[in-house]
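A.B. asks: Contents of entry_16.txt (compact mmCIF, N, CA and C atoms) are given next:
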# COMPACT_ATOMS: atom_id res chain seq x y z
N MET A 8 -39.39 19.92 -26.03
CA MET A 8 -38.86 20.21 -24.70
C MET A 8 -39.98 20.67 -23.80
N ILE A 9 -40.04 20.09 -22.63
CA ILE A 9 -41.05 20.50 -21.65
C ILE A 9 -40.64 21.83 -21.03
N LYS A 10 -41.62 22.62 -20.64
CA LYS A 10 -41.35 23.92 -20.03
C LYS A 10 -41.90 23.97 -18.62
N ALA A 11 -41.24 24.76 -17.80
CA ALA A 11 -41.74 25.05 -16.46
C ALA A 11 -42.74 26.19 -16.58
N LYS A 12 -43.77 26.16 -15.74
CA LYS A 12 -44.73 27.27 -15.79
C LYS A 12 -44.89 27.99 -14.46
N LYS A 13 -44.39 27.37 -13.37
CA LYS A 13 -44.48 28.01 -12.05
C LYS A 13 -43.35 27.48 -11.19
N VAL A 14 -42.79 28.36 -10.36
CA VAL A 14 -41.75 27.94 -9.43
C VAL A 14 -41.95 28.65 -8.10
N ILE A 15 -41.77 27.88 -7.03
CA ILE A 15 -41.89 28.42 -5.67
C ILE A 15 -40.62 28.06 -4.91
N PRO A 16 -39.89 29.06 -4.38
CA PRO A 16 -38.70 28.76 -3.59
C PRO A 16 -39.07 28.45 -2.14
N HIS A 17 -38.26 27.63 -1.49
CA HIS A 17 -38.47 27.28 -0.09
C HIS A 17 -37.23 27.64 0.72
N LEU A 18 -37.41 27.89 2.00
CA LEU A 18 -36.33 28.29 2.89
C LEU A 18 -35.19 27.28 2.96
N ASP A 19 -35.48 26.02 2.69
CA ASP A 19 -34.46 24.97 2.76
C ASP A 19 -33.73 24.77 1.43
N PHE A 20 -33.81 25.78 0.55
CA PHE A 20 -33.15 25.78 -0.75
C PHE A 20 -33.65 24.65 -1.65
N LYS A 21 -34.94 24.40 -1.56
CA LYS A 21 -35.63 23.53 -2.51
C LYS A 21 -36.58 24.42 -3.30
N ILE A 22 -36.97 23.94 -4.47
CA ILE A 22 -37.96 24.65 -5.26
C ILE A 22 -39.06 23.67 -5.66
N THR A 23 -40.27 24.17 -5.69
CA THR A 23 -41.38 23.40 -6.23
C THR A 23 -41.64 23.94 -7.62
N VAL A 24 -41.58 23.05 -8.60
CA VAL A 24 -41.76 23.46 -9.99
C VAL A 24 -42.99 22.77 -10.56
N THR A 25 -43.85 23.56 -11.19
CA THR A 25 -44.98 23.02 -11.93
C THR A 25 -44.63 23.13 -13.41
N PHE A 26 -44.75 22.01 -14.10
CA PHE A 26 -44.43 21.96 -15.52
C PHE A 26 -45.68 22.12 -16.37
N GLU A 27 -45.49 22.37 -17.65
CA GLU A 27 -46.63 22.64 -18.53
C GLU A 27 -47.59 21.45 -18.64
N ASP A 28 -47.13 20.24 -18.33
CA ASP A 28 -48.01 19.07 -18.35
C ASP A 28 -48.67 18.85 -16.98
N ASN A 29 -48.51 19.85 -16.09
CA ASN A 29 -49.09 19.88 -14.74
C ASN A 29 -48.42 18.95 -13.74
N ARG A 30 -47.27 18.37 -14.09
CA ARG A 30 -46.49 17.64 -13.09
C ARG A 30 -45.93 18.66 -12.10
N VAL A 31 -45.91 18.30 -10.84
CA VAL A 31 -45.37 19.15 -9.79
C VAL A 31 -44.25 18.37 -9.12
N CYS A 32 -43.05 18.96 -9.07
CA CYS A 32 -41.89 18.29 -8.49
C CYS A 32 -41.20 19.23 -7.49
N ILE A 33 -40.69 18.63 -6.44
CA ILE A 33 -39.86 19.37 -5.49
C ILE A 33 -38.42 18.99 -5.77
N ILE A 34 -37.59 19.99 -6.01
CA ILE A 34 -36.20 19.77 -6.36
C ILE A 34 -35.30 20.37 -5.29
N ASP A 35 -34.41 19.55 -4.78
CA ASP A 35 -33.44 19.99 -3.78
C ASP A 35 -32.31 20.71 -4.50
N MET A 36 -32.16 21.99 -4.25
CA MET A 36 -31.15 22.81 -4.92
C MET A 36 -29.90 23.00 -4.07
N ASN A 37 -29.76 22.24 -3.00
CA ASN A 37 -28.61 22.40 -2.11
C ASN A 37 -27.28 22.12 -2.80
N PHE A 38 -27.31 21.53 -3.99
CA PHE A 38 -26.07 21.31 -4.73
C PHE A 38 -25.38 22.62 -5.10
N ILE A 39 -26.10 23.73 -5.05
CA ILE A 39 -25.47 25.02 -5.39
C ILE A 39 -24.36 25.36 -4.40
N PHE A 40 -24.42 24.79 -3.20
CA PHE A 40 -23.38 25.07 -2.20
C PHE A 40 -22.06 24.37 -2.53
N GLU A 41 -22.10 23.43 -3.46
CA GLU A 41 -20.90 22.71 -3.88
C GLU A 41 -20.29 23.31 -5.14
N GLU A 42 -20.98 24.27 -5.75
CA GLU A 42 -20.51 24.91 -6.96
C GLU A 42 -20.11 26.34 -6.65
N SER A 43 -19.38 26.96 -7.57
CA SER A 43 -19.04 28.37 -7.37
C SER A 43 -18.96 29.07 -8.72
N GLY A 44 -19.06 30.37 -8.65
CA GLY A 44 -19.00 31.20 -9.84
C GLY A 44 -19.84 32.43 -9.64
N PRO A 45 -19.68 33.41 -10.51
CA PRO A 45 -20.36 34.70 -10.33
C PRO A 45 -21.89 34.64 -10.41
N VAL A 46 -22.44 33.65 -11.12
CA VAL A 46 -23.90 33.58 -11.21
C VAL A 46 -24.51 32.68 -10.14
N ILE A 47 -23.68 31.85 -9.51
CA ILE A 47 -24.22 30.93 -8.50
C ILE A 47 -23.91 31.35 -7.07
N ASP A 48 -22.78 32.00 -6.83
CA ASP A 48 -22.40 32.39 -5.47
C ASP A 48 -23.46 33.24 -4.77
N PRO A 49 -24.07 34.22 -5.45
CA PRO A 49 -25.09 35.03 -4.76
C PRO A 49 -26.30 34.21 -4.31
N LEU A 50 -26.57 33.09 -4.99
CA LEU A 50 -27.75 32.29 -4.67
C LEU A 50 -27.61 31.51 -3.38
N LYS A 51 -26.45 31.57 -2.77
CA LYS A 51 -26.22 30.85 -1.53
C LYS A 51 -26.81 31.58 -0.32
N THR A 52 -27.42 32.73 -0.58
CA THR A 52 -28.20 33.43 0.45
C THR A 52 -29.67 33.34 0.02
N TYR A 53 -30.54 33.12 0.99
CA TYR A 53 -31.94 32.98 0.63
C TYR A 53 -32.51 34.25 0.00
N ASP A 54 -31.99 35.41 0.39
CA ASP A 54 -32.49 36.66 -0.19
C ASP A 54 -32.33 36.68 -1.71
N ALA A 55 -31.27 36.10 -2.22
CA ALA A 55 -31.07 36.02 -3.68
C ALA A 55 -31.78 34.80 -4.26
N PHE A 56 -31.70 33.68 -3.55
CA PHE A 56 -32.30 32.43 -4.03
C PHE A 56 -33.79 32.57 -4.28
N LYS A 57 -34.47 33.30 -3.40
CA LYS A 57 -35.93 33.41 -3.49
C LYS A 57 -36.41 34.19 -4.71
N ASN A 58 -35.50 34.85 -5.41
CA ASN A 58 -35.88 35.65 -6.58
C ASN A 58 -35.99 34.83 -7.86
N VAL A 59 -36.15 33.54 -7.72
CA VAL A 59 -36.28 32.65 -8.86
C VAL A 59 -37.57 32.96 -9.62
N THR A 60 -37.52 32.79 -10.93
CA THR A 60 -38.66 33.05 -11.79
C THR A 60 -38.62 32.11 -12.99
N ILE A 61 -39.59 32.24 -13.85
CA ILE A 61 -39.63 31.46 -15.09
C ILE A 61 -39.45 32.43 -16.26
N VAL A 62 -38.50 32.13 -17.13
CA VAL A 62 -38.27 32.92 -18.34
C VAL A 62 -38.31 31.97 -19.52
N ASP A 63 -39.29 32.14 -20.38
CA ASP A 63 -39.45 31.27 -21.55
C ASP A 63 -39.46 29.79 -21.18
N GLY A 64 -40.08 29.46 -20.06
CA GLY A 64 -40.22 28.08 -19.64
C GLY A 64 -39.03 27.50 -18.90
N ILE A 65 -38.05 28.34 -18.59
CA ILE A 65 -36.83 27.90 -17.92
C ILE A 65 -36.74 28.56 -16.55
N VAL A 66 -36.40 27.76 -15.53
CA VAL A 66 -36.22 28.28 -14.17
C VAL A 66 -34.94 29.12 -14.16
N THR A 67 -35.10 30.40 -13.77
CA THR A 67 -34.01 31.37 -13.93
C THR A 67 -33.94 32.29 -12.71
N TRP A 68 -32.71 32.69 -12.38
CA TRP A 68 -32.48 33.68 -11.33
C TRP A 68 -31.92 34.94 -11.96
N PRO A 69 -32.12 36.10 -11.33
CA PRO A 69 -31.62 37.36 -11.89
C PRO A 69 -30.10 37.41 -12.10
N THR A 70 -29.36 36.53 -11.43
CA THR A 70 -27.91 36.49 -11.61
C THR A 70 -27.51 35.94 -12.98
N GLY A 71 -28.47 35.31 -13.66
CA GLY A 71 -28.19 34.68 -14.94
C GLY A 71 -28.13 33.17 -14.87
N TYR A 72 -28.20 32.63 -13.65
CA TYR A 72 -28.19 31.18 -13.47
C TYR A 72 -29.54 30.62 -13.89
N ASP A 73 -29.53 29.58 -14.70
CA ASP A 73 -30.78 28.94 -15.09
C ASP A 73 -30.58 27.43 -15.17
N ILE A 74 -31.68 26.72 -15.15
CA ILE A 74 -31.64 25.26 -15.19
C ILE A 74 -32.70 24.76 -16.17
N ASP A 75 -32.25 23.92 -17.07
CA ASP A 75 -33.13 23.32 -18.08
C ASP A 75 -34.23 22.51 -17.38
N PRO A 76 -35.48 22.67 -17.80
CA PRO A 76 -36.58 21.95 -17.17
C PRO A 76 -36.43 20.42 -17.23
N GLU A 77 -35.87 19.91 -18.31
CA GLU A 77 -35.69 18.46 -18.41
C GLU A 77 -34.67 17.96 -17.37
N TYR A 78 -33.66 18.77 -17.11
CA TYR A 78 -32.68 18.41 -16.08
C TYR A 78 -33.33 18.45 -14.70
N LEU A 79 -34.23 19.40 -14.47
CA LEU A 79 -34.94 19.47 -13.20
C LEU A 79 -35.76 18.19 -13.00
N LEU A 80 -36.38 17.70 -14.07
CA LEU A 80 -37.15 16.46 -13.95
C LEU A 80 -36.24 15.29 -13.57
N GLU A 81 -35.03 15.27 -14.10
CA GLU A 81 -34.08 14.22 -13.75
C GLU A 81 -33.70 14.33 -12.27
N LEU A 82 -33.49 15.55 -11.78
CA LEU A 82 -33.14 15.76 -10.38
C LEU A 82 -34.27 15.32 -9.46
N ALA A 83 -35.50 15.46 -9.92
CA ALA A 83 -36.66 15.15 -9.09
C ALA A 83 -36.93 13.66 -9.01
N SER A 84 -36.41 12.89 -9.96
CA SER A 84 -36.74 11.45 -9.97
C SER A 84 -35.73 10.62 -9.23
Will you turn the file into structure tokens for me?
C.D. replies:
Amino acid sequence: MIKAKKVIPHLDFKITVTFEDNRVCIIDMNFIFEESGPVIDPLKTYDAFKNVTIVDGIVTWPTGYDIDPEYLLELAS
């Protein structure tokens, strides 16, 4: 499984992810506005969205929402 090593949030609810193989992808995360739940609803404000980080190679937010790096690659292509 490929791992993410860096993530940068953007004001337009996109993230730039650098993977361990040095691929860099921009992923549009606006799909979060179509979903709901206790871990995703807070991310609909940029103040919460921007707190994205990498935990064990997985893009993760403090709310507990995370996204598998391989799925992120699918979203980017």
A.B. asks: From the list A:Val66, A:Ile74, A:Leu80, A:Phe40, which residue is nearest A:Val14 when using all atoms listed in the file?
C.D. replies: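 Using all atoms listed in the file, A:Val14 sits closest to A:Val66.
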A.B. asks: For a cut-off of 9 Å around (-31.2, 37.8, -10.4), file coordinates, pick out all residues using only C-alpha atoms and list them as a list in words.
C.D. replies: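 Nearby residues: Val46, Pro49, Leu50, Ala55, Phe56, Asn58, Val59, Thr60, Thr67, Trp68, Pro69, Thr70, Gly71 and Tyr72 of chain A.
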A.B. asks: Pick from A:Asp19, A:Asp73, A:Glu81, A:Asp63: nearest to A:Asn37, with only N, CA and C atoms counted?
C.D. replies: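 For A:Asn37, the nearest of the candidates is A:Asp19.
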A.B. asks: Please, what distance in Å, to one decimal, runs between atom C of A:Glu42 and atom CA of A:Arg30?
C.D. replies: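 These atoms are spaced 28.5 Å apart.
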A.B. asks: What is the distance between atom CA of A:Asp28 and atom CA of A:Lys12, in Å to one decimal?
C.D. replies: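 Separation between atom CA of A:Asp28 and atom CA of A:Lys12: 9.2 Å.
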A.B. asks: Report as a PyMOL selection string all protein, DNA and RNA residues lying within 6 Å of A:Lys10, evaluated on only N, CA and C atoms, omitting residues in the same chain fewer than 4 positions from it.
C.D. replies: chain A and resi 25-27+64-65+76
A.B. asks: Find the spatial neighbours of A:His17, counting only N, CA and C atoms, within a cut-off of 8 Å - ignore same-chain residues fewer than 3 positions away - and output them as an MDAnalysis selection string.
C.D. replies: chainID A and resid 14 20:23 53 56:57
A.B. asks: So how far away is atom CA of A:Ile61 from atom CA of A:Lys13, in Å?
C.D. replies: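 Going from atom CA of A:Lys13 over to atom CA of A:Ile61 covers 6.7 Å.
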A.B. asks: From the set A:Cys32, A:Val24, A:Leu82, A:Leu18, which residue has the shortest atom-to-atom contact distance to A:Lys51, counting only C-alpha atoms?
C.D. replies: A:Leu18
A.B. asks: Taking the backbone alone, and naming residues the way the document does, which bits of chain A are strand (DSSP E or B) by DSSP, as an MDAnalysis selection string?
C.D. replies: chainID A and resid 11:16 21:26 31:35 60:62 65:67 73:74
A.B. asks: Name the residues in contact with A:Ala83 at a cut-off of 8 Å, using all atoms listed in the file, excluding same-chain residues fewer than 6 positions from it; report them as a PyMOL selection string.
C.D. replies: chain A and resi 32-35+77
